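Visitor: I'm passing along protein-v9.cif; it holds mmCIF, C-alpha atoms.
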```cif
data_target
#
loop_
_atom_site.label_atom_id
_atom_site.label_comp_id
_atom_site.auth_asym_id
_atom_site.auth_seq_id
_atom_site.Cartn_x
_atom_site.Cartn_y
_atom_site.Cartn_z
CA MET A 1 -109.67 147.34 167.43
CA ILE A 2 -106.17 145.98 167.39
CA TYR A 3 -104.67 144.51 170.53
CA LEU A 4 -100.90 144.72 170.39
CA LEU A 5 -100.09 141.83 172.64
CA ASP A 6 -96.46 142.42 173.59
CA TYR A 7 -95.31 145.31 171.43
CA PRO A 8 -94.27 148.10 172.11
CA GLN A 9 -92.86 147.29 175.55
CA THR A 10 -90.34 150.10 175.92
CA LYS A 11 -90.48 153.84 175.35
CA ALA A 12 -87.88 153.54 172.56
CA GLU A 13 -90.07 151.03 170.71
CA ALA A 14 -93.16 153.21 171.17
CA PHE A 15 -91.25 156.25 169.93
CA ALA A 16 -89.93 154.38 166.87
CA LEU A 17 -93.48 153.23 166.07
CA ALA A 18 -94.81 156.78 166.48
CA LYS A 19 -92.17 158.00 164.04
CA CYS A 20 -93.67 155.61 161.47
CA GLY A 21 -97.04 157.29 161.95
CA TYR A 22 -98.70 154.69 164.14
CA ALA A 23 -99.17 155.68 167.75
CA ILE A 24 -100.87 153.52 170.36
CA ASN A 25 -104.27 154.95 171.30
CA GLY A 26 -104.61 153.26 174.66
CA VAL A 27 -102.25 151.74 177.19
CA PHE A 28 -103.76 149.77 180.07
CA GLU A 29 -101.50 149.14 183.03
CA VAL A 30 -102.27 146.19 185.28
CA ASN A 31 -100.84 146.24 188.81
CA GLU A 32 -101.25 143.90 191.72
CA ILE A 33 -102.21 145.74 194.93
CA PRO A 34 -101.39 144.38 198.41
CA LYS A 35 -104.51 143.06 200.15
CA ALA A 36 -104.33 145.61 203.00
CA ASP A 37 -104.09 148.49 200.52
CA ALA A 38 -106.93 147.02 198.49
CA GLU A 39 -109.12 146.85 201.64
CA GLU A 40 -108.27 150.48 202.43
CA VAL A 41 -109.31 151.49 198.94
CA GLU A 42 -112.56 149.54 199.35
CA ASP A 43 -113.20 151.23 202.72
CA GLU A 44 -112.59 154.65 201.20
CA GLU A 45 -114.99 153.84 198.41
CA ALA A 46 -117.57 152.62 200.93
CA GLU A 47 -117.16 155.84 202.96
CA GLY A 48 -117.61 157.86 199.81
CA ASN A 49 -120.84 155.99 199.08
CA SER A 50 -122.16 156.46 202.64
CA GLU A 51 -121.48 160.20 202.40
CA GLU A 52 -123.46 160.27 199.21
CA GLU A 53 -126.23 158.34 200.93
CA GLU A 54 -126.18 160.85 203.78
CA ASP A 55 -126.57 163.62 201.26
CA ASP A 56 -129.52 161.76 199.83
CA ASP A 57 -130.97 161.44 203.33
CA GLU A 58 -130.79 165.18 203.80
CA SER A 59 -132.92 165.91 200.82
CA PRO A 60 -136.16 164.35 202.21
CA LYS A 61 -135.59 166.21 205.50
CA SER A 62 -135.29 169.50 203.71
CA LYS A 63 -138.42 168.61 201.75
CA LYS A 64 -140.27 167.96 205.03
CA ALA A 65 -139.04 171.28 206.44
CA ALA A 66 -140.25 173.07 203.36
CA GLU A 67 -143.64 171.35 203.68
CA ASN A 68 -143.89 172.39 207.38
CA ASP A 69 -143.06 175.99 206.46
CA ALA A 70 -145.76 175.94 203.83
CA GLU A 71 -148.31 174.56 206.34
CA GLN A 72 -147.40 177.23 208.92
CA LYS A 73 -147.89 179.95 206.32
CA MET B 1 -108.90 117.19 134.79
CA PRO B 2 -109.56 118.65 138.25
CA PRO B 3 -109.42 122.45 138.53
CA LYS B 4 -106.24 123.94 139.89
CA ALA B 5 -106.30 125.08 143.50
CA ALA B 6 -105.97 128.82 144.05
CA GLU B 7 -102.37 129.86 144.49
CA LYS B 8 -101.49 130.62 148.08
CA LYS B 9 -99.96 133.97 148.91
CA LYS B 10 -96.26 133.83 149.65
CA ALA B 11 -94.69 135.87 152.45
CA GLY B 12 -92.79 138.11 150.02
CA ASP B 13 -95.78 138.82 147.74
CA VAL B 14 -96.77 142.47 147.35
CA GLU B 15 -100.30 143.11 148.54
CA ASP B 16 -102.65 144.85 146.10
CA PHE B 17 -103.81 148.18 147.52
CA SER B 18 -105.15 149.62 144.25
CA ASP B 19 -108.66 149.88 145.72
CA LEU B 20 -107.48 152.05 148.61
CA ALA B 21 -109.07 155.25 147.26
CA THR B 22 -112.49 153.60 146.99
CA LEU B 23 -112.54 152.28 150.56
CA PRO B 24 -114.49 154.05 153.32
CA LYS B 25 -112.70 155.46 156.33
CA ALA B 26 -112.50 153.31 159.42
CA LYS B 27 -111.43 154.24 162.92
CA VAL B 28 -109.07 151.66 164.34
CA PHE B 29 -108.24 151.74 168.05
CA LYS B 30 -104.82 150.32 168.86
CA PHE B 31 -104.16 149.37 172.44
CA THR B 32 -101.86 147.33 174.59
CA VAL B 33 -101.97 145.95 178.12
CA ILE B 34 -98.87 146.32 180.26
CA MET B 35 -98.42 143.97 183.20
CA LYS B 36 -96.53 146.31 185.45
CA SER B 37 -95.99 145.12 189.01
CA PHE B 38 -96.84 141.73 190.44
CA PHE B 39 -95.77 139.92 193.58
CA SER B 40 -95.09 136.66 191.82
CA GLN B 41 -94.55 135.31 188.35
CA GLU B 42 -97.43 132.93 188.99
CA ASN B 43 -99.87 135.81 189.51
CA ARG B 44 -98.56 137.60 186.44
CA GLU B 45 -99.07 134.50 184.29
CA LYS B 46 -102.50 133.94 185.77
CA VAL B 47 -103.67 137.47 184.91
CA THR B 48 -102.04 137.37 181.46
CA ARG B 49 -103.72 134.05 180.69
CA ARG B 50 -107.06 135.35 181.96
CA ILE B 51 -106.85 138.44 179.73
CA GLN B 52 -105.90 136.38 176.67
CA GLU B 53 -108.70 133.90 177.31
CA ASN B 54 -111.39 136.52 177.81
CA LEU B 55 -110.48 139.70 175.97
CA VAL B 56 -110.18 138.57 172.36
CA PRO B 57 -112.46 135.50 172.08
CA THR B 58 -115.42 137.35 173.65
CA SER B 59 -115.03 140.43 171.46
CA LEU B 60 -117.14 138.97 168.62
CA ASP B 61 -114.22 139.35 166.21
CA LYS B 62 -113.96 143.09 166.90
CA ILE B 63 -110.52 142.82 168.46
CA LYS B 64 -107.65 141.57 166.32
CA MET B 65 -104.46 140.47 167.99
CA LEU B 66 -100.98 141.41 166.85
CA SER B 67 -98.03 139.94 168.69
CA ARG B 68 -94.32 140.66 168.47
CA GLU B 69 -93.79 137.27 166.86
CA ASP B 70 -96.31 138.09 164.10
CA ILE B 71 -94.54 141.40 163.44
CA VAL B 72 -91.13 139.72 163.23
CA THR B 73 -92.43 136.98 160.89
CA TYR B 74 -94.15 139.57 158.72
CA GLY B 75 -91.06 141.80 158.67
CA LYS B 76 -88.77 138.94 157.72
CA GLY B 77 -91.14 137.93 154.94
CA LYS B 78 -91.31 141.45 153.54
CA GLY B 79 -87.61 142.13 154.04
CA THR B 80 -88.05 145.00 156.50
CA ILE B 81 -86.41 143.05 159.32
CA LEU B 82 -82.99 141.75 158.40
CA ASP B 83 -80.52 139.78 160.45
CA ALA B 84 -76.76 140.45 160.47
CA ALA B 85 -76.15 138.18 157.48
CA GLY B 86 -78.92 139.86 155.50
CA LEU B 87 -77.56 143.32 156.30
CA GLN B 88 -74.10 142.35 155.05
CA LEU B 89 -75.54 141.39 151.67
CA LEU B 90 -77.04 144.87 151.18
CA PRO B 91 -75.15 147.47 149.14
CA PRO B 92 -73.36 150.10 151.30
CA GLU B 93 -75.66 152.96 150.20
CA ASP B 94 -78.84 151.08 151.20
CA PRO B 95 -80.75 153.13 153.84
CA ARG B 96 -81.82 149.94 155.64
CA LYS B 97 -78.23 149.52 156.81
CA ALA B 98 -78.53 152.63 159.00
CA LEU B 99 -81.69 151.44 160.76
CA THR B 100 -81.60 150.25 164.35
CA GLU B 101 -83.39 147.10 165.51
CA ASP B 102 -86.21 149.18 167.04
CA GLU B 103 -86.67 151.11 163.82
CA MET B 104 -86.80 147.94 161.72
CA MET B 105 -89.35 146.49 164.11
CA ALA B 106 -91.39 149.71 164.03
CA ARG B 107 -91.41 149.75 160.22
CA SER B 108 -92.57 146.16 160.12
CA ALA B 109 -95.26 146.88 162.72
CA ALA B 110 -96.40 149.98 160.81
CA ASP B 111 -96.66 147.96 157.56
CA ARG B 112 -98.64 145.22 159.29
CA LEU B 113 -100.92 147.75 160.99
CA PHE B 114 -101.52 149.46 157.65
CA GLU B 115 -102.45 146.11 156.11
CA MET B 116 -104.82 145.35 158.98
CA HIS B 117 -106.32 148.82 158.63
CA VAL B 118 -106.97 148.20 154.93
CA LEU B 119 -108.58 144.84 155.74
CA ALA B 120 -110.89 146.58 158.23
CA ARG B 121 -111.82 149.18 155.60
CA ARG B 122 -112.50 146.44 153.05
CA ALA B 123 -114.73 144.64 155.53
CA LYS B 124 -116.58 147.89 156.20
CA LYS B 125 -117.07 148.46 152.47
CA GLU B 126 -118.43 144.93 152.03
CA LYS B 127 -120.82 145.48 154.92
CA ILE B 128 -122.05 148.79 153.46
CA THR B 129 -122.47 147.22 149.99
CA LYS B 130 -124.44 144.33 151.47
CA LEU B 131 -126.71 146.68 153.41
CA GLU B 132 -127.31 148.78 150.29
CA GLU B 133 -128.13 145.67 148.25
CA ASP B 134 -130.55 144.45 150.93
CA ALA B 135 -132.23 147.86 151.05
CA ALA B 136 -132.54 147.94 147.24
CA ALA B 137 -134.00 144.41 147.20
CA LYS B 138 -136.49 145.38 149.92
CA ALA B 139 -137.47 148.52 148.00
CA THR B 140 -138.18 146.53 144.81
CA GLU B 141 -140.25 144.02 146.83
CA ASP B 142 -142.29 146.80 148.44
CA GLN B 143 -143.00 148.54 145.13
CA PRO B 144 -146.46 147.62 143.79
CA ALA B 145 -146.47 145.94 140.36
#
```
What is this structure when it is put down as structure tokens?

Guide:
Amino acid sequence: MIYLLDYPQTKAEAFALAKCGYAINGVFEVNEIPKADAEEVEDEEAEGNSEEEEDDDESPKSKKAAENDAEQK
Amino acid sequence: MPPKAAEKKKAGDVEDFSDLATLPKAKVFKFTVIMKSFFSQENREKVTRRIQENLVPTSLDKIKMLSREDIVTYGKGKGTILDAAGLQLLPPEDPRKALTEDEMMARSAADRLFEMHVLARRAKKEKITKLEEDAAAKATEDQPA
């Protein structure tokens, strides 16, 4: 793996490099997020997880219902 | 008389790529990290320093770094990056006169990346050869006399 530290920085530089047959395979952008926004994102993620947990909770219930049905039969 | 020390490579020396056809293929992943938006220069420097401290040294030599400064030094050594005085010395029909600064930089970067690619392929070949030799040595040891 080659980490190009500070080149290419502009689109023109990236285009010139691509013309020479060497394109960059991965570009990682690092941004700083305001704390409030970051908390919102965390909350959304937490909600997403709880929904998943709820889904998981439903599955044992449905299993129990199926077992009751079987017993009744 | 003491033996002569091996001659060091000069910046303008042409690298020997005659073994290129014999080298195995190697996939090289080229990536960059862009520090886009930060609230303060201090935070930007902090994150940049953190990445530099942790990304490359902990990669067990799998990640090689290539900075703009390296590319410029390499290009100047090979003659792909020329300053205004150097360009004036070139004959008028020289195609390097028509190149922009970005193009010169890109050519230099491409040459350096090619060289690094070849080094990776050579290392891979050495590794394969060593593994084959070890396997052959093990096979001869296992064979009953």

Visitor: Taking the file above as input, evaluate the PyMOL selection byres ((chain A) within 8 of (chain B)) and report the hits as a CSV table (one decimal) with C-alpha atoms, keeping the file's coordinate frame.

Guide:
```
chain,number,residue,atom,x,y,z
A,1,MET,CA,-109.7,147.3,167.4
A,2,ILE,CA,-106.2,146.0,167.4
A,3,TYR,CA,-104.7,144.5,170.5
A,4,LEU,CA,-100.9,144.7,170.4
A,5,LEU,CA,-100.1,141.8,172.6
A,6,ASP,CA,-96.5,142.4,173.6
A,7,TYR,CA,-95.3,145.3,171.4
A,9,GLN,CA,-92.9,147.3,175.6
A,12,ALA,CA,-87.9,153.5,172.6
A,13,GLU,CA,-90.1,151.0,170.7
A,16,ALA,CA,-89.9,154.4,166.9
A,17,LEU,CA,-93.5,153.2,166.1
A,20,CYS,CA,-93.7,155.6,161.5
A,21,GLY,CA,-97.0,157.3,162.0
A,22,TYR,CA,-98.7,154.7,164.1
A,23,ALA,CA,-99.2,155.7,167.8
A,24,ILE,CA,-100.9,153.5,170.4
A,25,ASN,CA,-104.3,155.0,171.3
A,26,GLY,CA,-104.6,153.3,174.7
A,27,VAL,CA,-102.2,151.7,177.2
A,28,PHE,CA,-103.8,149.8,180.1
A,29,GLU,CA,-101.5,149.1,183.0
A,30,VAL,CA,-102.3,146.2,185.3
A,31,ASN,CA,-100.8,146.2,188.8
A,32,GLU,CA,-101.2,143.9,191.7
```

Visitor: Compare B:Gly77, B:Lys138, B:Ala84, B:Arg122 by their minimum atom-to-atom distance to Ala26 (chain B), counting all atoms listed in the file, and give me the closest one.

Guide: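 Using all atoms listed in the file, the shortest distance to Ala26 (chain B) belongs to B:Arg122.
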
Visitor: When you draw a straight line from CA of Pro34 (chain A) to CA of Ile51 (chain B), how long is it in Å?

Guide: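 Interatomic distance here is 20.3 Å.
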
Visitor: Point out the residue among B:Leu119, B:Ala21, B:Arg112, B:Glu133 with the least atom-to-atom distance to Lys76 (chain B), counting all atoms listed in the file.

Guide: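 Nearest candidate to Lys76 (chain B) out of B:Leu119, B:Ala21, B:Arg112, B:Glu133: B:Arg112.
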
Visitor: Please compute the CA of Glu126 (chain B)-CA of Leu20 (chain B) distance, one decimal, in Å.

Guide: 13.5 Å

Visitor: Between CA of Ala123 (chain B) and CA of Ser18 (chain B), what is the spacing in Å?

Guide: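 Separation of CA of Ser18 (chain B) and CA of Ala123 (chain B): 15.6 Å.
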
Visitor: Tell me, as a VMD selection string, which residues lie within 10 Å of Gly79 (chain B), counting only C-alpha atoms; anything in the same chain fewer than 2 positions away does not count.

Guide: chain B and resid 11 to 12 73 to 77 81 to 83 86 96 104 108

Visitor: May I ask you to restore N, CA and C atoms in region 6-26 of chain A and write the result as a PDB file, in the frame of the given file?

Guide:
```pdb
ATOM      1  N   ASP A   6     -97.703 142.201 172.839  1.00  0.00           N
ATOM      2  CA  ASP A   6     -96.460 142.420 173.590  1.00  0.00           C
ATOM      3  C   ASP A   6     -95.524 143.375 172.866  1.00  0.00           C
ATOM      4  N   TYR A   7     -96.098 144.303 172.130  1.00  0.00           N
ATOM      5  CA  TYR A   7     -95.310 145.310 171.430  1.00  0.00           C
ATOM      6  C   TYR A   7     -96.114 146.593 171.344  1.00  0.00           C
ATOM      7  N   PRO A   8     -95.597 147.773 171.601  1.00  0.00           N
ATOM      8  CA  PRO A   8     -94.270 148.100 172.110  1.00  0.00           C
ATOM      9  C   PRO A   8     -94.194 147.936 173.630  1.00  0.00           C
ATOM     10  N   GLN A   9     -93.059 147.498 174.107  1.00  0.00           N
ATOM     11  CA  GLN A   9     -92.860 147.290 175.550  1.00  0.00           C
ATOM     12  C   GLN A   9     -92.011 148.384 176.178  1.00  0.00           C
ATOM     13  N   THR A  10     -91.191 149.036 175.367  1.00  0.00           N
ATOM     14  CA  THR A  10     -90.340 150.100 175.920  1.00  0.00           C
ATOM     15  C   THR A  10     -90.688 151.437 175.258  1.00  0.00           C
ATOM     16  N   LYS A  11     -90.221 152.502 175.891  1.00  0.00           N
ATOM     17  CA  LYS A  11     -90.480 153.840 175.350  1.00  0.00           C
ATOM     18  C   LYS A  11     -89.821 154.007 173.988  1.00  0.00           C
ATOM     19  N   ALA A  12     -88.616 153.435 173.834  1.00  0.00           N
ATOM     20  CA  ALA A  12     -87.880 153.540 172.560  1.00  0.00           C
ATOM     21  C   ALA A  12     -88.676 152.890 171.429  1.00  0.00           C
ATOM     22  N   GLU A  13     -89.260 151.735 171.720  1.00  0.00           N
ATOM     23  CA  GLU A  13     -90.070 151.030 170.710  1.00  0.00           C
ATOM     24  C   GLU A  13     -91.316 151.848 170.362  1.00  0.00           C
ATOM     25  N   ALA A  14     -91.954 152.402 171.389  1.00  0.00           N
ATOM     26  CA  ALA A  14     -93.160 153.210 171.170  1.00  0.00           C
ATOM     27  C   ALA A  14     -92.831 154.458 170.356  1.00  0.00           C
ATOM     28  N   PHE A  15     -91.689 155.052 170.653  1.00  0.00           N
ATOM     29  CA  PHE A  15     -91.250 156.250 169.930  1.00  0.00           C
ATOM     30  C   PHE A  15     -90.945 155.923 168.471  1.00  0.00           C
ATOM     31  N   ALA A  16     -90.260 154.801 168.245  1.00  0.00           N
ATOM     32  CA  ALA A  16     -89.930 154.380 166.870  1.00  0.00           C
ATOM     33  C   ALA A  16     -91.217 154.112 166.076  1.00  0.00           C
ATOM     34  N   LEU A  17     -92.201 153.514 166.733  1.00  0.00           N
ATOM     35  CA  LEU A  17     -93.480 153.230 166.070  1.00  0.00           C
ATOM     36  C   LEU A  17     -94.219 154.538 165.760  1.00  0.00           C
ATOM     37  N   ALA A  18     -94.163 155.479 166.693  1.00  0.00           N
ATOM     38  CA  ALA A  18     -94.810 156.780 166.480  1.00  0.00           C
ATOM     39  C   ALA A  18     -94.179 157.519 165.306  1.00  0.00           C
ATOM     40  N   LYS A  19     -92.860 157.349 165.155  1.00  0.00           N
ATOM     41  CA  LYS A  19     -92.170 158.000 164.040  1.00  0.00           C
ATOM     42  C   LYS A  19     -92.638 157.455 162.686  1.00  0.00           C
ATOM     43  N   CYS A  20     -93.135 156.221 162.690  1.00  0.00           N
ATOM     44  CA  CYS A  20     -93.670 155.610 161.470  1.00  0.00           C
ATOM     45  C   CYS A  20     -95.139 155.975 161.250  1.00  0.00           C
ATOM     46  N   GLY A  21     -95.675 156.808 162.121  1.00  0.00           N
ATOM     47  CA  GLY A  21     -97.040 157.290 161.950  1.00  0.00           C
ATOM     48  C   GLY A  21     -98.109 156.446 162.608  1.00  0.00           C
ATOM     49  N   TYR A  22     -97.704 155.529 163.453  1.00  0.00           N
ATOM     50  CA  TYR A  22     -98.700 154.690 164.140  1.00  0.00           C
ATOM     51  C   TYR A  22     -98.486 154.750 165.652  1.00  0.00           C
ATOM     52  N   ALA A  23     -99.286 155.574 166.295  1.00  0.00           N
ATOM     53  CA  ALA A  23     -99.170 155.680 167.750  1.00  0.00           C
ATOM     54  C   ALA A  23    -100.204 154.745 168.395  1.00  0.00           C
ATOM     55  N   ILE A  24     -99.934 154.365 169.610  1.00  0.00           N
ATOM     56  CA  ILE A  24    -100.870 153.520 170.360  1.00  0.00           C
ATOM     57  C   ILE A  24    -101.933 154.444 170.977  1.00  0.00           C
ATOM     58  N   ASN A  25    -103.183 154.107 170.784  1.00  0.00           N
ATOM     59  CA  ASN A  25    -104.270 154.950 171.300  1.00  0.00           C
ATOM     60  C   ASN A  25    -104.530 154.743 172.782  1.00  0.00           C
ATOM     61  N   GLY A  26    -104.320 153.533 173.253  1.00  0.00           N
ATOM     62  CA  GLY A  26    -104.610 153.260 174.660  1.00  0.00           C
ATOM     63  C   GLY A  26    -103.611 152.296 175.268  1.00  0.00           C
TER      64      GLY A  26
END
```
